[in-house]
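K.L.:
Contents of run_39.cif (mmCIF, C-alpha atoms) are below:
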data_coords
#
loop_
_atom_site.group_PDB
_atom_site.id
_atom_site.type_symbol
_atom_site.label_atom_id
_atom_site.label_comp_id
_atom_site.auth_asym_id
_atom_site.auth_seq_id
_atom_site.Cartn_x
_atom_site.Cartn_y
_atom_site.Cartn_z
ATOM 1 C CA MET Y 439 12.048 -18.414 -23.095
ATOM 2 C CA GLN Y 440 8.452 -17.896 -21.923
ATOM 3 C CA MET Y 441 7.553 -14.459 -20.636
ATOM 4 C CA GLN Y 442 6.351 -14.169 -17.053
ATOM 5 C CA THR Y 443 2.751 -13.052 -16.866
ATOM 6 C CA HIS Y 444 0.385 -11.685 -14.274
ATOM 7 C CA MET Y 445 -3.082 -10.220 -14.472
ATOM 8 C CA LEU Y 446 -3.457 -6.427 -14.572
ATOM 9 C CA PRO Y 447 -6.675 -4.593 -13.664
ATOM 10 C CA CYS Y 448 -7.964 -2.667 -16.670
ATOM 11 C CA GLU Y 449 -10.885 -0.654 -18.032
ATOM 12 C CA ILE Y 450 -12.583 -0.018 -21.343
ATOM 13 C CA TRP Y 451 -10.947 3.277 -22.219
ATOM 14 C CA SER Y 452 -12.968 3.811 -25.381
ATOM 15 C CA ILE Y 453 -14.824 2.136 -28.216
ATOM 16 C CA ILE Y 454 -13.772 3.452 -31.613
ATOM 17 C CA GLN Y 455 -14.470 2.929 -35.278
ATOM 18 C CA THR Y 456 -11.496 2.291 -37.539
ATOM 19 C CA ASN Y 457 -11.004 1.286 -41.152
ATOM 20 C CA GLN Y 458 -10.612 -2.299 -39.920
ATOM 21 C CA GLY Y 459 -13.835 -2.275 -37.858
ATOM 22 C CA ASN Y 460 -14.994 -1.473 -34.339
ATOM 23 C CA ALA Y 461 -12.477 -1.833 -31.542
ATOM 24 C CA VAL Y 462 -12.547 -1.828 -27.764
ATOM 25 C CA LEU Y 463 -9.504 -0.080 -26.345
ATOM 26 C CA LEU Y 464 -8.615 -1.868 -23.133
ATOM 27 C CA ARG Y 465 -6.372 0.182 -20.858
ATOM 28 C CA PRO Y 466 -4.450 -1.358 -17.944
ATOM 29 C CA LYS Y 467 -4.713 0.719 -14.768
ATOM 30 C CA ASP Y 468 -2.123 3.506 -14.429
ATOM 31 C CA MET Y 469 -0.576 2.744 -17.825
ATOM 32 C CA GLU Y 470 -0.442 5.054 -20.857
ATOM 33 C CA ILE Y 471 -1.135 2.178 -23.171
ATOM 34 C CA ALA Y 472 -4.190 0.445 -24.643
ATOM 35 C CA VAL Y 473 -4.825 -2.915 -26.254
ATOM 36 C CA PRO Y 474 -7.224 -2.737 -29.244
ATOM 37 C CA ILE Y 475 -9.587 -5.711 -29.509
ATOM 38 C CA PHE Y 476 -11.849 -5.768 -32.551
ATOM 39 C CA ILE Y 477 -15.492 -6.720 -32.062
ATOM 40 C CA GLY Y 478 -18.685 -7.085 -34.096
ATOM 41 C CA ILE Y 479 -21.394 -4.460 -34.486
ATOM 42 C CA LEU Y 480 -24.001 -6.145 -32.287
ATOM 43 C CA GLU Y 481 -21.430 -6.808 -29.576
ATOM 44 C CA MET Y 482 -20.414 -3.161 -29.713
ATOM 45 C CA GLN Y 483 -24.029 -2.062 -29.273
ATOM 46 C CA SER Y 484 -24.505 -4.415 -26.339
ATOM 47 C CA ILE Y 485 -21.384 -3.050 -24.632
ATOM 48 C CA LEU Y 486 -22.554 0.538 -25.154
ATOM 49 C CA ILE Y 487 -26.023 -0.282 -23.836
ATOM 50 C CA GLY Y 488 -24.464 -1.871 -20.755
ATOM 51 C CA LYS Y 489 -22.079 1.030 -20.149
ATOM 52 C CA ASP Y 490 -24.906 3.562 -20.431
ATOM 53 C CA GLY Y 491 -27.225 1.570 -18.172
ATOM 54 C CA ILE Y 492 -30.001 1.420 -20.780
ATOM 55 C CA VAL Y 493 -32.786 -1.009 -19.843
ATOM 56 C CA LEU Y 494 -34.526 -2.612 -22.803
ATOM 57 C CA PRO Y 495 -38.084 -4.011 -22.801
ATOM 58 C CA ARG Y 496 -36.676 -7.506 -23.343
ATOM 59 C CA PRO Y 497 -33.352 -8.808 -22.005
ATOM 60 C CA LEU Y 498 -30.473 -9.215 -24.407
ATOM 61 C CA THR Y 499 -28.367 -12.368 -24.225
ATOM 62 C CA HIS Y 500 -25.837 -10.792 -21.861
ATOM 63 C CA ASP Y 501 -28.588 -9.614 -19.490
ATOM 64 C CA LEU Y 502 -30.061 -13.107 -19.555
ATOM 65 C CA PHE Y 503 -26.715 -14.661 -18.635
ATOM 66 C CA ILE Y 504 -26.349 -12.395 -15.594
ATOM 67 C CA GLU Y 505 -29.915 -13.135 -14.490
ATOM 68 C CA MET Y 506 -29.324 -16.885 -14.807
ATOM 69 C CA LEU Y 507 -26.206 -16.648 -12.635
ATOM 70 C CA SER Y 508 -28.163 -14.781 -9.991
ATOM 71 C CA ARG Y 509 -31.008 -17.318 -10.012
ATOM 72 C CA VAL Y 510 -28.625 -20.193 -9.236
ATOM 73 C CA ASN Y 511 -26.700 -18.183 -6.613
ATOM 74 C CA LEU Y 512 -23.532 -17.806 -8.631
ATOM 75 C CA ASN Y 513 -21.477 -14.636 -8.978
ATOM 76 C CA LEU Y 514 -19.167 -13.417 -11.708
ATOM 77 C CA LYS Y 515 -16.022 -12.567 -9.770
ATOM 78 C CA LYS Y 516 -14.079 -11.133 -12.717
ATOM 79 C CA VAL Y 517 -13.339 -11.456 -16.417
ATOM 80 C CA GLU Y 518 -9.860 -11.992 -17.788
ATOM 81 C CA ILE Y 519 -8.226 -11.466 -21.163
ATOM 82 C CA TYR Y 520 -5.533 -14.037 -20.679
ATOM 83 C CA GLU Y 521 -4.011 -14.947 -24.037
ATOM 84 C CA LEU Y 522 -3.284 -13.733 -27.558
ATOM 85 C CA LYS Y 523 -2.546 -16.525 -29.995
ATOM 86 C CA SER Y 524 -2.577 -16.453 -33.810
ATOM 87 C CA HIS Y 525 -4.147 -12.965 -33.774
ATOM 88 C CA THR Y 526 -7.009 -14.174 -31.562
ATOM 89 C CA PHE Y 527 -7.667 -12.868 -28.046
ATOM 90 C CA TYR Y 528 -8.905 -15.358 -25.463
ATOM 91 C CA ALA Y 529 -11.072 -14.422 -22.478
ATOM 92 C CA ARG Y 530 -12.584 -16.304 -19.562
ATOM 93 C CA LEU Y 531 -15.241 -15.717 -16.922
ATOM 94 C CA ILE Y 532 -14.255 -16.503 -13.325
ATOM 95 C CA ILE Y 533 -17.365 -17.523 -11.374
ATOM 96 C CA THR Y 534 -17.810 -18.297 -7.674
ATOM 97 C CA GLY Y 535 -20.690 -19.377 -5.459
ATOM 98 C CA GLY Y 536 -22.009 -22.681 -4.164
ATOM 99 C CA GLU Y 537 -19.372 -25.344 -4.687
ATOM 100 C CA TYR Y 538 -17.163 -22.883 -6.579
ATOM 101 C CA THR Y 539 -14.777 -20.983 -4.319
ATOM 102 C CA ASP Y 540 -12.085 -18.348 -4.811
ATOM 103 C CA GLU Y 541 -9.532 -21.164 -4.713
ATOM 104 C CA ASN Y 542 -11.513 -23.416 -7.062
ATOM 105 C CA PRO Y 543 -13.760 -21.224 -9.251
ATOM 106 C CA LEU Y 544 -15.826 -22.147 -12.271
ATOM 107 C CA VAL Y 545 -13.902 -20.968 -15.350
ATOM 108 C CA ILE Y 546 -15.840 -20.459 -18.593
ATOM 109 C CA ASP Y 547 -14.241 -19.701 -21.953
ATOM 110 C CA SER Y 548 -15.611 -16.552 -23.605
ATOM 111 C CA ARG Y 549 -15.093 -14.264 -26.544
ATOM 112 C CA PRO Y 550 -13.657 -10.960 -25.279
ATOM 113 C CA SER Y 551 -16.630 -9.037 -26.703
ATOM 114 C CA ASP Y 552 -19.108 -11.131 -24.695
ATOM 115 C CA ALA Y 553 -16.963 -10.821 -21.577
ATOM 116 C CA PHE Y 554 -16.927 -7.024 -21.933
ATOM 117 C CA ALA Y 555 -20.688 -6.825 -22.544
ATOM 118 C CA ILE Y 556 -21.330 -8.848 -19.386
ATOM 119 C CA ALA Y 557 -18.755 -7.017 -17.262
ATOM 120 C CA VAL Y 558 -19.954 -3.476 -17.995
ATOM 121 C CA ARG Y 559 -23.527 -4.258 -16.910
ATOM 122 C CA LYS Y 560 -22.605 -4.797 -13.261
ATOM 123 C CA ARG Y 561 -19.154 -3.199 -13.275
ATOM 124 C CA TYR Y 562 -17.478 -6.559 -12.780
ATOM 125 C CA PRO Y 563 -13.666 -6.301 -12.501
ATOM 126 C CA THR Y 564 -11.768 -6.838 -15.736
ATOM 127 C CA TYR Y 565 -8.167 -7.981 -16.006
ATOM 128 C CA ILE Y 566 -5.694 -8.440 -18.832
ATOM 129 C CA SER Y 567 -2.547 -10.517 -18.930
ATOM 130 C CA SER Y 568 0.707 -8.568 -18.810
ATOM 131 C CA THR Y 569 1.939 -10.816 -21.607
ATOM 132 C CA VAL Y 570 -0.994 -9.766 -23.808
ATOM 133 C CA VAL Y 571 -0.214 -6.113 -23.032
ATOM 134 C CA GLU Y 572 3.400 -6.680 -24.078
ATOM 135 C CA GLN Y 573 2.260 -8.362 -27.286
ATOM 136 C CA ALA Y 574 -0.469 -5.952 -28.376
ATOM 137 C CA GLY Y 575 -0.276 -2.776 -26.267
ATOM 138 C CA ILE Y 576 -0.063 0.526 -28.162
ATOM 139 C CA PRO Y 577 0.672 3.976 -26.658
ATOM 140 C CA LEU Y 578 -2.498 6.007 -26.035
ATOM 141 C CA ASP Y 579 -1.235 8.887 -28.171
ATOM 142 C CA TYR Y 580 -1.569 6.681 -31.234
ATOM 143 C CA PHE Y 581 -5.333 6.535 -30.738
ATOM 144 C CA ILE Y 582 -5.992 10.221 -30.090
ATOM 145 C CA ASP Y 583 -7.088 11.070 -33.645
ATOM 146 C CA ALA Y 584 -9.354 8.052 -33.862
ATOM 147 C CA PHE Y 585 -10.693 8.778 -30.377
ATOM 148 C CA GLU Y 586 -11.642 12.348 -31.295
ATOM 149 C CA LYS Y 587 -13.282 11.317 -34.578
ATOM 150 C CA SER Y 588 -15.128 8.300 -33.168
ATOM 151 C CA ALA Y 589 -18.890 8.665 -33.058
ATOM 152 C CA PHE Y 590 -18.859 6.753 -29.803
ATOM 153 C CA ALA Y 591 -16.005 8.515 -27.977
ATOM 154 C CA GLU Y 592 -17.441 9.896 -24.760
ATOM 155 C CA SER Y 593 -15.277 13.036 -24.791
ATOM 156 C CA ASP Y 594 -15.963 14.025 -28.386
ATOM 157 C CA GLU Y 595 -17.706 17.405 -28.215
ATOM 158 C CA SER Y 596 -17.811 17.904 -31.986
ATOM 159 C CA SER Y 597 -20.372 15.149 -32.616
ATOM 160 C CA ASP Y 598 -23.654 13.915 -31.174
ATOM 161 C CA PRO Y 599 -23.097 10.300 -30.021
ATOM 162 C CA GLY Y 600 -26.836 9.734 -29.627
ATOM 163 C CA LYS Y 601 -27.603 10.637 -33.225
ATOM 164 C CA ASN Y 602 -24.667 8.631 -34.526
ATOM 165 C CA GLN Y 603 -25.747 5.556 -32.564
ATOM 166 C CA HIS Y 604 -29.319 6.030 -33.798
ATOM 167 C CA ARG Y 605 -28.146 6.240 -37.414
ATOM 168 C CA ALA Y 606 -25.994 3.127 -36.970
ATOM 169 C CA LEU Y 607 -28.962 1.232 -35.528
ATOM 170 C CA LEU Y 608 -31.168 2.242 -38.465
ATOM 171 C CA ASP Y 609 -28.547 0.965 -40.893
ATOM 172 C CA GLN Y 610 -28.290 -2.309 -38.965
ATOM 173 C CA LEU Y 611 -32.076 -2.710 -38.922
ATOM 174 C CA GLU Y 612 -32.253 -2.253 -42.680
ATOM 175 C CA GLN Y 613 -29.507 -4.825 -43.206
ATOM 176 C CA ALA Y 614 -31.070 -7.319 -40.780
ATOM 177 C CA VAL Y 615 -34.405 -7.133 -42.586
ATOM 178 C CA ALA Y 616 -32.690 -7.505 -45.958
ATOM 179 C CA ASP Y 617 -30.895 -10.606 -44.640
ATOM 180 C CA GLU Y 618 -34.167 -11.961 -43.190
ATOM 181 C CA GLU Y 619 -32.607 -12.040 -39.713
ATOM 182 C CA TYR Y 620 -35.850 -11.145 -37.995
ATOM 183 C CA GLU Y 621 -34.866 -11.955 -34.409
ATOM 184 C CA ARG Y 622 -31.909 -9.634 -34.752
ATOM 185 C CA ALA Y 623 -34.167 -7.009 -36.369
ATOM 186 C CA ALA Y 624 -36.566 -7.219 -33.395
ATOM 187 C CA GLU Y 625 -33.715 -6.599 -30.943
ATOM 188 C CA ILE Y 626 -32.561 -3.586 -32.956
ATOM 189 C CA ARG Y 627 -36.115 -2.210 -33.050
ATOM 190 C CA ASP Y 628 -36.213 -2.456 -29.241
ATOM 191 C CA MET Y 629 -32.980 -0.472 -29.057
ATOM 192 C CA LEU Y 630 -34.361 2.160 -31.438
ATOM 193 C CA LYS Y 631 -37.500 2.464 -29.337
ATOM 194 C CA MET Y 632 -35.408 3.239 -26.265
ATOM 195 C CA PHE Y 633 -33.411 5.906 -28.130
ATOM 196 C CA ASP Y 634 -36.616 7.442 -29.526
ATOM 197 C CA GLU Y 635 -38.208 7.622 -26.079
ATOM 198 C CA ASP Y 636 -35.101 9.247 -24.608
ATOM 199 C CA ASP Y 637 -34.829 11.815 -27.418
ATOM 200 C CA PRO Y 638 -37.877 12.414 -29.717
ATOM 201 C CA GLU Y 639 -35.677 14.541 -32.024
ATOM 202 C CA LEU Y 640 -33.956 11.325 -33.172
ATOM 203 C CA HIS Y 641 -37.027 10.234 -35.194
#
Translate this structure into structure tokens?
P.N.:
Amino acid sequence: MQMQTHMLPCEIWSIIQTNQGNAVLLRPKDMEIAVPIFIGILEMQSILIGKDGIVLPRPLTHDLFIEMLSRVNLNLKKVEIYELKSHTFYARLIITGGEYTDENPLVIDSRPSDAFAIAVRKRYPTYISSTVVEQAGIPLDYFIDAFEKSAFAESDESSDPGKNQHRALLDQLEQAVADEEYERAAEIRDMLKMFDEDDPELH
């Protein structure tokens, strides 16, 4: 028997580091539960940059996408995490404007990490399927230890998130250069420049 599903408004409760990697904790509104969705390092940095409102000298891919939508008079109405299948989360962007209406929107498939990075930049509404919450939701208490230890947890008073992010970026830059991924290295250098300008003590 298939479970009934409906879309629940949600927020990024936290971004944490675990032994399995970096995870976005997506919390449905008014629920003491979170759904952990694992993401890559660069996606994590892009989400953090968007949440903090940091403006880089050159647009990242997610900034470029938003600008392109604006130039063609389209609007991202919301993002949805709508399915969990074979340990993979599926997201979609719901876009309106022009020929695309609320009743007949443009729907674009997306990785959850990209959807989050786009949504946080303009505070676009984010929703998650109730079925996905039933499948993968975990009580918030389970995450408390990880939340307090996370270098990126906003309420962690025992660490300096800025310095931890700076250190992580330096490590990524070193790896990108070693892998000869020079475009990625240039993006990371831009991020480091912004951190250095905001806080000279991070040099």
K.L.:
Selection in question (the file shown): the PyMOL selection byres ((chain Y and resi 563) around 9). Which residues does it include, as a list in words?
P.N.:
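Checked against the file, the PyMOL selection byres ((chain Y and resi 563) around 9) matches Pro447, Cys448, Glu449, Lys515, Lys516, Val517, Glu518, Ala557, Val558, Arg561, Tyr562, Thr564 and Tyr565 of chain Y.
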K.L.:
In Å, how far is it from CA of Thr539 (chain Y) to CA of Val571 (chain Y)?
P.N.:
28.0 Å
K.L.:
For region 527-546 of chain Y, take all atoms listed in the file, fit an axis-aligned box around them, add 5 Å to each of the six sides, then output centre and edge lengths in Å rounded to one decimal, as JSON.
P.N.:
{"center_x": -14.8, "center_y": -19.1, "center_z": -16.1, "size_x": 24.3, "size_y": 22.5, "size_z": 33.9}
K.L.:
To one decimal in Å, tell me the separation between CA of Leu607 (chain Y) and CA of Ile450 (chain Y).
P.N.:
21.7 Å
K.L.:
Which of these, Y:Met482, Y:Ile504, Y:Ile475, Y:Ile626, has the shortest distance to Arg559 (chain Y) once you count only C-alpha atoms?
P.N.:
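Using only C-alpha atoms, Arg559 (chain Y) sits closest to Y:Ile504.
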K.L.:
Can you measure CA of Ala529 (chain Y) to CA of Ala553 (chain Y) for me? One decimal in Å is fine.
P.N.:
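Taking CA of Ala529 (chain Y) as the start and CA of Ala553 (chain Y) as the end point, the length is 7.0 Å.
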K.L.:
Once the PyMOL selection byres ((chain Y and resi 464-467) around 7) has been applied to the shown file, what residues remain in the selection, as a PDB file with C-alpha atoms, keeping the file's coordinate frame?
P.N.:
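The new file result08.pdb reads:
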ATOM      1  CA  LEU Y 446      -3.457  -6.427 -14.572  1.00  0.00           C
ATOM      2  CA  PRO Y 447      -6.675  -4.593 -13.664  1.00  0.00           C
ATOM      3  CA  CYS Y 448      -7.964  -2.667 -16.670  1.00  0.00           C
ATOM      4  CA  GLU Y 449     -10.885  -0.654 -18.032  1.00  0.00           C
ATOM      5  CA  ILE Y 450     -12.583  -0.018 -21.343  1.00  0.00           C
ATOM      6  CA  TRP Y 451     -10.947   3.277 -22.219  1.00  0.00           C
ATOM      7  CA  VAL Y 462     -12.547  -1.828 -27.764  1.00  0.00           C
ATOM      8  CA  LEU Y 463      -9.504  -0.080 -26.345  1.00  0.00           C
ATOM      9  CA  ASP Y 468      -2.123   3.506 -14.429  1.00  0.00           C
ATOM     10  CA  MET Y 469      -0.576   2.744 -17.825  1.00  0.00           C
ATOM     11  CA  ILE Y 471      -1.135   2.178 -23.171  1.00  0.00           C
ATOM     12  CA  ALA Y 472      -4.190   0.445 -24.643  1.00  0.00           C
ATOM     13  CA  VAL Y 473      -4.825  -2.915 -26.254  1.00  0.00           C
ATOM     14  CA  PRO Y 474      -7.224  -2.737 -29.244  1.00  0.00           C
TER      15      PRO Y 474
END
K.L.:
Which residues match the PyMOL selection byres ((chain Y and resi 570) around 9) in the file above, as a PDB file with C-alpha atoms, in the coordinates of the input?
P.N.:
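Output file part-v8.pdb is given in full below:
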ATOM      1  CA  THR Y 443       2.751 -13.052 -16.866  1.00  0.00           C
ATOM      2  CA  VAL Y 473      -4.825  -2.915 -26.254  1.00  0.00           C
ATOM      3  CA  ILE Y 519      -8.226 -11.466 -21.163  1.00  0.00           C
ATOM      4  CA  TYR Y 520      -5.533 -14.037 -20.679  1.00  0.00           C
ATOM      5  CA  GLU Y 521      -4.011 -14.947 -24.037  1.00  0.00           C
ATOM      6  CA  LEU Y 522      -3.284 -13.733 -27.558  1.00  0.00           C
ATOM      7  CA  PHE Y 527      -7.667 -12.868 -28.046  1.00  0.00           C
ATOM      8  CA  ILE Y 566      -5.694  -8.440 -18.832  1.00  0.00           C
ATOM      9  CA  SER Y 567      -2.547 -10.517 -18.930  1.00  0.00           C
ATOM     10  CA  SER Y 568       0.707  -8.568 -18.810  1.00  0.00           C
ATOM     11  CA  THR Y 569       1.939 -10.816 -21.607  1.00  0.00           C
ATOM     12  CA  VAL Y 571      -0.214  -6.113 -23.032  1.00  0.00           C
ATOM     13  CA  GLU Y 572       3.400  -6.680 -24.078  1.00  0.00           C
ATOM     14  CA  GLN Y 573       2.260  -8.362 -27.286  1.00  0.00           C
ATOM     15  CA  ALA Y 574      -0.469  -5.952 -28.376  1.00  0.00           C
ATOM     16  CA  GLY Y 575      -0.276  -2.776 -26.267  1.00  0.00           C
TER      17      GLY Y 575
END
K.L.:
When distances are computed from all atoms listed in the file, which of Y:Tyr528, Y:Glu470, Y:Ile454, Y:Thr534 shows the smallest separation from Asp547 (chain Y)?
P.N.:
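The answer is Y:Tyr528, which sits nearest to Asp547 (chain Y).
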K.L.:
Under the rule that all atoms listed in the file are counted, which of Y:Lys560, Y:Ser484, Y:Phe554, Y:Asn511 is the nearest residue to Pro497 (chain Y)?
P.N.:
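Looking only at the distances to Pro497 (chain Y), the closest residue turns out to be Y:Ser484.
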K.L.:
Identify, on the basis of all atoms listed in the file, every residue whose closest approach to Ile485 (chain Y) does not exceed 12 Å; exclude the query and any residue fewer than 5 positions from it along the same chain; express the result as a ChimeraX atom specification.
P.N.:
/Y:450,452-453,460-462,477-480,490-492,498-501,550-561,590
K.L.:
Could you check which of Y:Met445, Y:Phe476, Y:Gln455, Y:Ile532 is closest to Phe581 (chain Y), using all atoms listed in the file?
P.N.:
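Result for the nearest residue to Phe581 (chain Y): Y:Gln455.
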K.L.:
Step by step: start from the point (-14.7, -17.6, -18.2) in the file's coordinates, keep every protein, DNA or RNA residue that has an atom no farther than 6 Å from it, count all atoms listed in the file, and write the set as a list of chain:residue names.
P.N.:
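Final list of nearby residues, as requested, is Y:Arg530, Y:Leu531, Y:Ile532, Y:Val545, Y:Ile546, Y:Asp547, Y:Ser548.
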